[in-house]
Structure formats: C-alpha cells, structure tokens
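Printed here is target.txt (compact mmCIF, C-alpha atoms and all ligand atoms):
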# COMPACT_ATOMS: atom_id res chain seq x y z
CA MET A 1 6.51 -4.94 -20.54
CA SER A 2 6.35 -1.23 -19.78
CA TYR A 3 5.27 0.20 -16.45
CA ALA A 4 2.78 3.05 -15.89
CA VAL A 5 4.03 5.00 -12.87
CA LYS A 6 2.11 7.77 -11.13
CA GLU A 7 4.99 9.07 -8.98
CA ILE A 8 8.22 8.08 -7.23
CA PHE A 9 9.50 9.87 -4.13
CA LEU A 10 11.72 9.45 -1.07
CA THR A 11 10.00 9.65 2.31
CA LEU A 12 9.40 7.65 5.51
CA GLN A 13 7.14 4.62 5.47
CA GLY A 14 4.19 6.05 7.37
CA GLU A 15 2.15 2.92 8.05
CA GLY A 16 2.42 -0.56 9.48
CA MET A 17 5.19 -2.48 11.19
CA GLN A 18 7.90 -0.76 9.07
CA SER A 19 6.64 2.71 9.85
CA GLY A 20 9.44 5.21 10.36
CA ALA A 21 11.77 3.54 7.85
CA ARG A 22 13.32 5.62 5.07
CA ALA A 23 11.95 4.35 1.78
CA VAL A 24 11.55 5.21 -1.88
CA PHE A 25 7.85 5.03 -2.73
CA LEU A 26 7.02 3.74 -6.18
CA ARG A 27 3.35 4.41 -6.90
CA PHE A 28 1.94 2.63 -9.92
CA ALA A 29 -0.98 4.09 -11.85
CA GLY A 30 -4.36 2.31 -11.92
CA CYS A 31 -6.43 0.12 -9.63
CA ASN A 32 -8.87 -2.76 -10.12
CA LEU A 33 -11.26 -1.62 -7.34
CA TRP A 34 -11.83 2.02 -8.41
CA THR A 35 -11.21 4.04 -11.57
CA GLY A 36 -9.80 6.84 -9.43
CA ARG A 37 -12.36 9.30 -10.82
CA GLU A 38 -14.49 11.08 -8.21
CA GLN A 39 -17.66 10.60 -10.29
CA ASP A 40 -17.18 6.81 -10.05
CA ARG A 41 -16.44 6.64 -6.30
CA ASP A 42 -20.01 5.83 -5.18
CA LYS A 43 -20.20 2.74 -7.40
CA ALA A 44 -16.64 1.54 -6.79
CA ILE A 45 -15.85 -1.59 -4.76
CA CYS A 46 -13.34 0.45 -2.74
CA GLN A 47 -14.91 3.82 -1.88
CA PHE A 48 -12.62 5.32 0.79
CA CYS A 49 -9.35 5.63 -1.12
CA ASP A 50 -7.17 8.56 -0.05
CA THR A 51 -4.86 8.45 -3.08
CA ASP A 52 -4.60 9.95 -6.56
CA PHE A 53 -3.28 7.14 -8.72
CA VAL A 54 -4.68 8.29 -12.07
CA GLY A 55 -2.28 8.87 -14.94
CA THR A 56 1.49 9.25 -14.98
CA ASP A 57 1.75 12.97 -14.27
CA GLY A 58 3.25 12.94 -10.75
CA VAL A 59 6.83 13.60 -9.65
CA ASN A 60 9.06 11.14 -11.56
CA GLY A 61 5.92 9.61 -13.09
CA GLY A 62 5.75 8.34 -16.63
CA LYS A 63 5.87 5.22 -18.74
CA TYR A 64 9.03 3.25 -18.02
CA ALA A 65 9.93 1.00 -20.94
CA THR A 66 11.99 -1.55 -18.99
CA ALA A 67 12.42 -2.91 -15.48
CA ASP A 68 16.02 -1.70 -15.48
CA ALA A 69 15.06 1.85 -16.39
CA LEU A 70 12.55 1.92 -13.54
CA ALA A 71 14.96 0.36 -11.03
CA GLU A 72 17.60 2.93 -12.02
CA LYS A 73 15.18 5.78 -11.38
CA VAL A 74 14.31 4.28 -7.96
CA GLU A 75 18.01 3.98 -7.15
CA SER A 76 18.70 7.57 -8.22
CA LEU A 77 16.21 8.77 -5.58
CA TRP A 78 17.98 6.87 -2.78
CA GLU A 79 20.35 9.65 -1.77
CA GLY A 80 23.20 9.44 0.71
CA GLU A 81 24.15 6.24 2.50
CA LYS A 82 24.19 3.26 0.18
CA GLY A 83 22.93 0.58 2.60
CA HIS A 84 19.49 -0.28 4.03
CA ARG A 85 17.77 0.42 0.72
CA LEU A 86 14.00 -0.01 0.89
CA VAL A 87 11.44 0.51 -1.86
CA VAL A 88 7.71 0.50 -1.06
CA ILE A 89 5.70 -0.41 -4.15
CA THR A 90 2.14 0.84 -3.96
CA GLY A 91 -0.51 2.46 -6.11
CA GLY A 92 -3.20 2.15 -7.15
CA GLU A 93 -2.91 -1.61 -7.13
CA PRO A 94 0.76 -2.52 -7.65
CA LEU A 95 0.18 -6.21 -8.35
CA LEU A 96 -1.48 -5.26 -11.65
CA GLN A 97 2.03 -4.39 -12.87
CA LEU A 98 4.73 -5.75 -10.55
CA ASP A 99 6.46 -8.69 -12.25
CA SER A 100 9.54 -10.84 -11.72
CA ASP A 101 11.63 -8.65 -14.07
CA LEU A 102 11.11 -5.63 -11.84
CA ILE A 103 11.58 -7.62 -8.63
CA ASP A 104 14.90 -8.94 -9.96
CA ALA A 105 16.03 -5.52 -11.18
CA LEU A 106 15.28 -3.86 -7.81
CA HIS A 107 17.09 -6.67 -5.97
CA ARG A 108 20.11 -6.24 -8.29
CA HIS A 109 20.09 -2.57 -7.27
CA GLY A 110 20.27 -3.60 -3.62
CA PHE A 111 16.70 -2.84 -2.54
CA ARG A 112 14.50 -4.71 -0.11
CA ILE A 113 11.05 -4.73 -1.68
CA ALA A 114 7.92 -3.95 0.31
CA VAL A 115 4.51 -4.06 -1.36
CA GLU A 116 1.15 -2.56 -0.38
CA SER A 117 -1.68 -4.52 -2.02
CA ASN A 118 -5.43 -4.95 -1.73
CA GLY A 119 -4.96 -8.75 -1.90
CA THR A 120 -7.18 -9.41 -4.93
CA ILE A 121 -4.23 -10.62 -7.03
CA ALA A 122 -1.80 -13.37 -5.99
CA ALA A 123 1.60 -11.92 -5.14
CA PRO A 124 4.62 -12.97 -7.22
CA GLU A 125 7.64 -14.63 -5.59
CA GLY A 126 10.47 -12.51 -4.24
CA ILE A 127 8.68 -9.76 -2.31
CA ASP A 128 10.54 -9.11 0.95
CA TRP A 129 7.66 -7.53 2.89
CA LEU A 130 4.06 -8.03 1.82
CA CYS A 131 1.29 -5.89 3.31
CA ILE A 132 -2.26 -6.86 2.40
CA SER A 133 -5.16 -4.49 3.05
CA PRO A 134 -8.50 -6.26 2.44
CA LYS A 135 -11.44 -4.40 1.01
CA ALA A 136 -15.04 -5.40 1.80
CA GLY A 137 -16.85 -6.67 -1.28
CA SER A 138 -13.68 -7.77 -3.03
CA ASP A 139 -12.35 -11.30 -3.47
CA LEU A 140 -9.38 -11.78 -1.14
CA VAL A 141 -6.99 -14.09 -3.03
CA GLN A 142 -3.71 -13.39 -1.26
CA ARG A 143 -4.31 -14.79 2.24
CA SER A 144 -0.77 -14.84 3.57
CA GLY A 145 1.97 -12.29 4.04
CA ASN A 146 3.98 -10.31 6.55
CA GLU A 147 1.25 -7.93 7.67
CA LEU A 148 -2.45 -7.56 7.22
CA LYS A 149 -3.55 -3.92 7.52
CA LEU A 150 -7.27 -3.43 7.81
CA VAL A 151 -8.71 0.05 7.28
CA TRP A 152 -11.50 0.49 9.80
CA PRO A 153 -14.45 0.67 10.08
CA GLN A 154 -15.61 -1.26 7.02
CA GLU A 155 -18.98 -3.00 6.85
CA GLY A 156 -19.02 -6.58 5.63
CA ILE A 157 -15.63 -7.71 6.97
CA ASP A 158 -15.45 -11.07 8.79
CA LEU A 159 -12.79 -10.48 11.46
CA ASN A 160 -12.76 -14.14 12.57
CA ALA A 161 -12.04 -15.28 9.03
CA ILE A 162 -9.26 -12.72 8.65
CA GLU A 163 -7.69 -13.66 11.97
CA ALA A 164 -7.40 -17.27 10.75
CA MET A 165 -5.22 -16.22 7.80
CA ALA A 166 -1.45 -16.67 7.67
CA PHE A 167 -0.13 -13.19 8.45
CA ASP A 168 2.62 -12.40 10.93
CA HIS A 169 0.98 -9.16 12.09
CA PHE A 170 -2.63 -7.97 12.22
CA LEU A 171 -2.97 -4.18 12.12
CA VAL A 172 -5.97 -1.90 12.16
CA GLN A 173 -5.72 1.57 10.62
CA PRO A 174 -8.40 4.21 11.25
CA MET A 175 -10.10 5.27 8.02
CA ASP A 176 -9.22 8.82 6.96
CA CYS A 177 -12.75 10.04 6.29
CA ALA A 178 -15.30 12.70 7.20
CA ASP A 179 -15.79 11.21 10.66
CA ALA A 180 -12.15 10.51 11.46
CA GLU A 181 -12.77 10.71 15.22
CA ALA A 182 -15.35 7.92 15.09
CA ALA A 183 -12.97 5.85 12.93
CA LYS A 184 -10.16 6.25 15.49
CA LYS A 185 -12.48 5.22 18.28
CA ALA A 186 -13.69 2.18 16.32
CA ALA A 187 -10.08 1.12 15.65
CA ILE A 188 -9.14 1.49 19.31
CA ASP A 189 -12.24 -0.51 20.30
CA LEU A 190 -11.26 -3.30 17.91
CA VAL A 191 -7.82 -3.65 19.51
CA MET A 192 -9.27 -3.50 23.01
CA GLN A 193 -11.59 -6.38 22.11
CA ARG A 194 -9.09 -8.38 20.05
CA PRO A 195 -5.55 -8.28 21.43
CA LYS A 196 -4.20 -10.11 18.39
CA TRP A 197 -4.46 -6.77 16.62
CA ARG A 198 -2.37 -3.60 16.83
CA LEU A 199 -3.27 -0.02 16.02
CA THR A 200 -1.33 1.64 13.21
CA LEU A 201 -1.68 5.32 12.32
CA GLN A 202 -0.88 7.09 9.06
CA THR A 203 2.09 8.83 10.66
CA HIS A 204 3.17 10.59 7.43
CA LYS A 205 -0.08 12.56 7.58
CA LEU A 206 0.54 13.49 11.22
CA LEU A 207 4.08 14.60 10.30
CA GLY A 208 3.19 16.47 7.11
CA LEU A 209 5.20 14.07 4.95
CA GLN A 210 4.19 12.76 1.54
C1 LIG B 301 -3.77 3.75 -1.56
S1 LIG B 301 -3.56 2.08 -1.06
C2 LIG B 301 -2.61 1.40 -2.40
C3 LIG B 301 -2.29 -0.05 -2.24
C4 LIG B 301 -3.43 -1.04 -2.48
N1 LIG B 301 -4.28 -0.67 -3.55
C5 LIG B 301 -4.23 -1.25 -1.21
O1 LIG B 301 -5.39 -0.82 -1.16
O2 LIG B 301 -3.68 -1.82 -0.26
C6 LIG B 301 -2.34 2.18 0.25
C7 LIG B 301 -2.83 1.94 1.66
O3 LIG B 301 -3.66 3.03 2.05
C8 LIG B 301 -4.78 2.50 2.70
N2 LIG B 301 -5.85 3.51 2.61
C9 LIG B 301 -6.47 3.93 1.49
N3 LIG B 301 -7.39 4.85 1.78
C10 LIG B 301 -7.35 5.05 3.11
C11 LIG B 301 -8.08 5.88 3.99
N4 LIG B 301 -9.05 6.70 3.57
N5 LIG B 301 -7.79 5.82 5.32
C12 LIG B 301 -6.82 4.97 5.77
N6 LIG B 301 -6.10 4.17 4.98
C13 LIG B 301 -6.36 4.19 3.66
C14 LIG B 301 -5.06 1.23 1.95
O4 LIG B 301 -5.92 0.35 2.62
C15 LIG B 301 -3.67 0.67 1.80
O5 LIG B 301 -3.29 -0.02 2.97
N1 LIG B 302 4.70 8.11 3.79
C1 LIG B 302 3.79 7.27 3.27
N2 LIG B 302 3.66 6.04 3.80
C2 LIG B 302 2.78 5.19 3.21
N3 LIG B 302 2.55 3.89 3.51
C3 LIG B 302 1.67 3.39 2.63
C4 LIG B 302 1.31 4.39 1.73
C5 LIG B 302 0.54 4.14 0.50
O1 LIG B 302 -0.09 5.05 -0.04
O2 LIG B 302 0.56 2.99 0.05
C6 LIG B 302 1.99 5.55 2.10
C7 LIG B 302 2.10 6.88 1.60
O3 LIG B 302 1.40 7.33 0.69
N4 LIG B 302 3.02 7.69 2.21
S1 LIG B 303 -7.73 -0.75 -3.56
FE1 LIG B 303 -6.12 0.61 -2.79
S2 LIG B 303 -5.61 2.01 -4.48
FE2 LIG B 303 -7.46 0.90 -5.06
S3 LIG B 303 -9.06 2.33 -4.53
FE3 LIG B 303 -8.78 0.98 -2.74
S4 LIG B 303 -7.26 1.95 -1.39
FE4 LIG B 303 -7.20 2.98 -3.39
MG MG B 304 -0.90 6.73 0.97
When written as structure tokens, how does the structure in this file appear?
Amino acid sequence: MSYAVKEIFLTLQGEGMQSGARAVFLRFAGCNLWTGREQDRDKAICQFCDTDFVGTDGVNGGKYATADALAEKVESLWEGEKGHRLVVITGGEPLLQLDSDLIDALHRHGFRIAVESNGTIAAPEGIDWLCISPKAGSDLVQRSGNELKLVWPQEGIDLNAIEAMAFDHFLVQPMDCADAEAAKKAAIDLVMQRPKWRLTLQTHKLLGLQ
C-alpha cells in the first residue's frame, strides 16, 4: 500500500520517557478523531490537538509508494553517526497506516521504532516503543504498551481504570491550551495525588525545536 506522509524531520524527542533522544519524526497525514480542519474542531472527539496533520505538503511530505521508499527517506535524514537510530512515527493517527511492511523495512534500515498513538486501533507487532495517549470520548482499544501519556486536564477520564492497564510508565502532560498555567497546575496536582504518575513536558516547545 502507499503511505500519505505529512512531514519527516530530524529533531529531539520532546515528550515522554525517551525525551531528549535524537530521532527522525515521521508524521503521517490524517486522524480518526478529528478532520484537522479548524471549522470541525468543536464537534471532533479530540478537540485540543496541537498539530497540523492535513495533507502531504510538509517538509519531505508526499505519497510514498512503497515501504522501502519511505524507509529510505527516513534513513537519508539520519545524518552523521550510524548507530542508535530512532524513528518516532506519529501523526495524525499513525496506526491508520503503519503496517508490518513498513515496520520490517525500518528495522532492516537499523531503526528502533517508537510510535505515538491515540490507542483507538490495536498496534501491530514489532513496535519497539509504544506510547498511547488516551482521548476522552474515544474507545481505548490498545490497553498495553511502554508508556501511557495522558494530556491533562480532560473531562471524562477514569484515572483508576487507566492505572489498572498494562503500561510500564504513566505520564501526565499539561495540555497546551489557552489556560496553559491552569493545565500545568492540574498536571502537577495529579502527580502529587497519584505517585504512580510522572510529569512530562513538551520540551521541544520550551527549546524552540520542531
Ligand atoms: C499530535 S498527537 C499524534 C499521535 C496520536 N494521534 C495521539 O494523539 O497520540 C502527538 C502527541 O501530542 C499530544 N498532544 C496533542 N495535542 C496536545 C496539546 N494541545 N497539549 C499537549 N499535548 C498534546 C497527543 O496526546 C499525543 O501524545
Ligand atoms: N520534538 C517533538 N517531539 C514530539 N514528541 C511527540 C510529538 C508528536 O507530535 O507526536 C512530538 C513533536 O511534534 N516534536
Ligand atoms: S488523536 Fe492525536 S492527532 Fe488526532 S486530533 Fe487528537 S491529538 Fe491530534
Ligand atoms: Mg507534536
């Protein structure tokens, strides 16, 4: 199958337990919880998205005909030292498009594969680091993984139910929104009340990185 890619770029992973790691970001176009159009935001299931994932017009974006062609483009962006290759596959919702062909091709090119998903689609085998970020009002299908990263505050989230799921790490990330100060405070309060959780910040935004 072909892959619709919004953009591909080299940066530091800004979020979660792998934050600070050099990584190629592969951002797929499209999401199942929002069209990505501002006029649809109010009626979307996920209303706080900070990302433009519409179309294929970003840096290195486009339609990639094969998994190998896409893996080669990812590899070409990994400059310098050959080792420690990490690709973060995100979107949009990457599990709408990520398949075993692409997982195999990226592994053949020497990459560890991290994925950022909203958890509404079961993850395929072979992902090396799975981050699930639940969205209130959506059906959480993927209930295990390496890290769960909850954007906060969100109404309608059952924290006890989430804590019972099979994740290695439970992270809370303040929502980037009009009242960012209140969101930071709410995230800090959550950790203070529930020590199973850790605070994660969007460090790329603090650093002025992509
Ligand atoms: C743009 S999403 C793409 C991946 C996938 N669709 C998902 O939601 O996990 C990447 C990450 O950014 C988080 N995110 C999106 N909007 C945010 C915001 N306004 N503030 C903080 N984190 C946000 C998501 O929860 C997710 O962890
Ligand atoms: N630097 C950087 N780190 C990130 N971690 C998760 C991101 C995402 O949009 O999925 C993201 C992103 O957009 N940029
Ligand atoms: S699920 Fe992810 S990509 Fe889709 S709208 Fe929400 S934050 Fe954005
Ligand atoms: Mg982002």
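If all atoms listed in the file are the atoms counted, then among A:Met192, A:Ala136, A:Met165, A:Leu106 the closest residue to ligand LIG 301 (chain B) is A:Ala136.
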Between atom CA of Gln173 of chain A and atom CA of Gly145 of chain A, what distance in Å does the model show, to one decimal?
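Result for atom CA of Gln173 of chain A versus atom CA of Gly145 of chain A: 17.2 Å, one decimal.
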Using only C-alpha atoms for the distances, tell me which of A:Leu12, A:Ile113, A:Val74, A:Ile103 is nearest to Leu86 of chain A.
A:Ile113
Just checking: using all atoms listed in the file, which residue out of A:Asn160, A:Asn146, A:Asn60, A:Gln47 ends up closest to ligand LIG 303 (chain B)?
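Result for the nearest residue to ligand LIG 303 (chain B): A:Gln47.
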Closest pair table for chain A residues within 10 Å of ligand LIG 301 (chain B), all atoms listed in the file, as a Markdown table:
| residue | atom | partner | partner_atom | distance |
| --- | --- | --- | --- | --- |
| A:Gly14 | CA | B:LIG301 | C7 | 9.9 |
| A:Glu15 | CA | B:LIG301 | O5 | 8.0 |
| A:Gly16 | CA | B:LIG301 | O5 | 8.7 |
| A:Arg27 | CA | B:LIG301 | C2 | 8.1 |
| A:Phe28 | CA | B:LIG301 | C2 | 8.9 |
| A:Ala29 | CA | B:LIG301 | C2 | 10.0 |
| A:Gly30 | CA | B:LIG301 | N1 | 8.9 |
| A:Cys31 | CA | B:LIG301 | N1 | 6.5 |
| A:Asn32 | CA | B:LIG301 | N1 | 8.3 |
| A:Leu33 | CA | B:LIG301 | N1 | 8.0 |
| A:Trp34 | CA | B:LIG301 | N1 | 9.4 |
| A:Cys46 | CA | B:LIG301 | O1 | 8.2 |
| A:Gln47 | CA | B:LIG301 | N3 | 8.4 |
| A:Phe48 | CA | B:LIG301 | N4 | 4.7 |
| A:Cys49 | CA | B:LIG301 | N3 | 3.6 |
| A:Asp50 | CA | B:LIG301 | N3 | 4.1 |
| A:Thr51 | CA | B:LIG301 | C1 | 5.1 |
| A:Asp52 | CA | B:LIG301 | C1 | 8.0 |
| A:Phe53 | CA | B:LIG301 | C1 | 7.9 |
| A:Ile89 | CA | B:LIG301 | C3 | 8.2 |
| A:Thr90 | CA | B:LIG301 | C3 | 4.8 |
| A:Gly91 | CA | B:LIG301 | C2 | 4.4 |
| A:Gly92 | CA | B:LIG301 | N1 | 4.7 |
| A:Glu93 | CA | B:LIG301 | N1 | 3.9 |
| A:Pro94 | CA | B:LIG301 | C3 | 6.7 |
| A:Leu95 | CA | B:LIG301 | N1 | 8.6 |
| A:Leu96 | CA | B:LIG301 | N1 | 9.7 |
| A:Val115 | CA | B:LIG301 | C3 | 7.9 |
| A:Glu116 | CA | B:LIG301 | C3 | 4.6 |
| A:Ser117 | CA | B:LIG301 | O2 | 3.8 |
| A:Asn118 | CA | B:LIG301 | O2 | 3.9 |
| A:Gly119 | CA | B:LIG301 | O2 | 7.2 |
| A:Thr120 | CA | B:LIG301 | N1 | 9.3 |
| A:Cys131 | CA | B:LIG301 | O2 | 7.3 |
| A:Ile132 | CA | B:LIG301 | O2 | 5.9 |
| A:Ser133 | CA | B:LIG301 | O2 | 4.5 |
| A:Pro134 | CA | B:LIG301 | O2 | 7.1 |
| A:Lys135 | CA | B:LIG301 | O1 | 7.4 |
| A:Leu148 | CA | B:LIG301 | O5 | 8.7 |
| A:Lys149 | CA | B:LIG301 | O5 | 6.0 |
| A:Leu150 | CA | B:LIG301 | O4 | 6.6 |
| A:Val151 | CA | B:LIG301 | N6 | 5.4 |
| A:Trp152 | CA | B:LIG301 | C12 | 7.6 |
| A:Pro153 | CA | B:LIG301 | N5 | 9.7 |
| A:Val172 | CA | B:LIG301 | N6 | 9.4 |
| A:Gln173 | CA | B:LIG301 | C12 | 6.0 |
| A:Pro174 | CA | B:LIG301 | C12 | 5.8 |
| A:Met175 | CA | B:LIG301 | N5 | 3.6 |
| A:Asp176 | CA | B:LIG301 | N5 | 3.7 |
| A:Cys177 | CA | B:LIG301 | N4 | 5.7 |
| A:Ala178 | CA | B:LIG301 | N4 | 9.4 |
| A:Ala180 | CA | B:LIG301 | N5 | 8.9 |
| A:Ala183 | CA | B:LIG301 | N5 | 9.2 |
| A:Thr200 | CA | B:LIG301 | C12 | 9.8 |
| A:Leu201 | CA | B:LIG301 | C12 | 8.3 |
| A:Gln202 | CA | B:LIG301 | C12 | 7.1 |
